[in-house]
Amino acid sequence: MTPDATNMDFEQMLRMALAPVDPPETLKERVETTLQELTDAAVDELEGWELSAMRDPRNWVRPAAAAVVGASAGTALVVLRVRRQQRRRAAQSRNPLDLAQRTLRAAAGEARKLARRD
């Protein structure tokens, strides 16, 4: 076998191994459902927290963790939902600035929906 043939085989194997793969539709739904459940659980935890417990710093861990998890899951959920409709917005846009404005409006709308839901 010549070195060129070996390189060609290696390159072909790399191309096959690194070919893009779309995740199944059920995975997208499961991720969105999980993020929504995390956000809802964080909101429930924060709603159940009493301000009188604030005096003792040992009681700050659960609300702080709930705030971090809720903010992270909520942000990921907004990004996921905005990203899902990116192609439609790109097709409707006249230029990159218009696309950026549409994307920001969509993100703000999704964030409002999520905040109202909680």
# chains A, B, ... in the order shown; residues from 1 in each chain; ligands from 1

call {"tool": "closest_atom_pairs", "arguments": {"of": "stretch 60-118 of chain A", "to": "stretch 30-36 of chain A", "cutoff": "12 Å", "atoms": "only C-alpha atoms", "output": "JSON lines"}}
result
{"residue": "A:Val69", "atom": "CA", "partner": "A:Leu35", "partner_atom": "CA", "distance": 9.6}
{"residue": "A:Gly70", "atom": "CA", "partner": "A:Leu35", "partner_atom": "CA", "distance": 8.8}
{"residue": "A:Ala71", "atom": "CA", "partner": "A:Leu35", "partner_atom": "CA", "distance": 10.5}
{"residue": "A:Ser72", "atom": "CA", "partner": "A:Leu35", "partner_atom": "CA", "distance": 8.9}
{"residue": "A:Ala73", "atom": "CA", "partner": "A:Leu35", "partner_atom": "CA", "distance": 5.2}
{"residue": "A:Gly74", "atom": "CA", "partner": "A:Leu35", "partner_atom": "CA", "distance": 7.0}
{"residue": "A:Thr75", "atom": "CA", "partner": "A:Leu35", "partner_atom": "CA", "distance": 9.3}
{"residue": "A:Ala76", "atom": "CA", "partner": "A:Leu35", "partner_atom": "CA", "distance": 7.4}
{"residue": "A:Leu77", "atom": "CA", "partner": "A:Leu35", "partner_atom": "CA", "distance": 6.1}
{"residue": "A:Val78", "atom": "CA", "partner": "A:Glu32", "partner_atom": "CA", "distance": 9.7}
{"residue": "A:Val79", "atom": "CA", "partner": "A:Glu32", "partner_atom": "CA", "distance": 10.5}
{"residue": "A:Leu80", "atom": "CA", "partner": "A:Glu32", "partner_atom": "CA", "distance": 7.6}
{"residue": "A:Arg81", "atom": "CA", "partner": "A:Glu32", "partner_atom": "CA", "distance": 8.5}
{"residue": "A:Arg84", "atom": "CA", "partner": "A:Glu32", "partner_atom": "CA", "distance": 11.2}
{"residue": "A:Lys113", "atom": "CA", "partner": "A:Gln36", "partner_atom": "CA", "distance": 11.9}
{"residue": "A:Leu114", "atom": "CA", "partner": "A:Gln36", "partner_atom": "CA", "distance": 8.9}
{"residue": "A:Ala115", "atom": "CA", "partner": "A:Gln36", "partner_atom": "CA", "distance": 11.5}
{"residue": "A:Arg117", "atom": "CA", "partner": "A:Gln36", "partner_atom": "CA", "distance": 10.2}
{"residue": "A:Asp118", "atom": "CA", "partner": "A:Gln36", "partner_atom": "CA", "distance": 10.0}

call {"tool": "residues_around", "arguments": {"residues": "A:Gln86", "least_positions_apart": "3", "cutoff": "12 Å", "atoms": "only C-alpha atoms", "output": "PyMOL selection string"}}
result
chain A and resi 79-83+89-93+99-100+102-104+106-107

call {"tool": "atom_distance", "arguments": {"atom1": "atom CA of A:Thr26", "atom2": "atom CA of A:Arg87"}}
result
20.2 Å

call {"tool": "select_by_dssp", "arguments": {"residues": "chain A", "states": "helix (DSSP H, G or I)", "output": "ChimeraX atom specification"}}
result
/A:3-17,25-47,51-55,57-84,86-92,96-117

call {"tool": "residues_around", "arguments": {"residues": "A:Val68", "least_positions_apart": "6", "cutoff": "12 Å", "atoms": "only C-alpha atoms", "output": "list in words"}}
result
Leu38, Thr39, Ala41, Ala42, Val43, Glu45, Leu46, Val61, Arg62, Gly74 and Thr75 of chain A

call {"tool": "write_last_selection", "arguments": {"atoms": "C-alpha atoms", "output": "compact mmCIF listing (two decimals), in the first residue's frame"}}
result
# COMPACT_ATOMS: atom_id res chain seq x y z
CA LEU A 38 -36.24 22.31 36.01
CA THR A 39 -37.48 25.88 35.62
CA ALA A 41 -39.11 23.22 40.14
CA ALA A 42 -36.82 26.19 40.75
CA VAL A 43 -39.77 28.57 40.79
CA GLU A 45 -38.57 26.20 45.49
CA LEU A 46 -38.19 29.97 45.46
CA VAL A 61 -27.98 27.29 49.79
CA ARG A 62 -31.27 25.89 48.48
CA GLY A 74 -34.83 29.22 31.63
CA THR A 75 -32.08 30.76 29.50

call {"tool": "closest_residue", "arguments": {"among": "A:Pro96, A:Gly109, A:Pro63, A:Pro23", "to": "A:Leu51", "atoms": "only C-alpha atoms"}}
result
A:Pro63

call {"tool": "atom_distance", "arguments": {"atom1": "atom CA of A:Leu97", "atom2": "atom CA of A:Gln85"}}
result
17.0 Å

call {"tool": "atom_distance", "arguments": {"atom1": "atom CA of A:Pro24", "atom2": "atom CA of A:Arg105"}}
result
28.1 Å
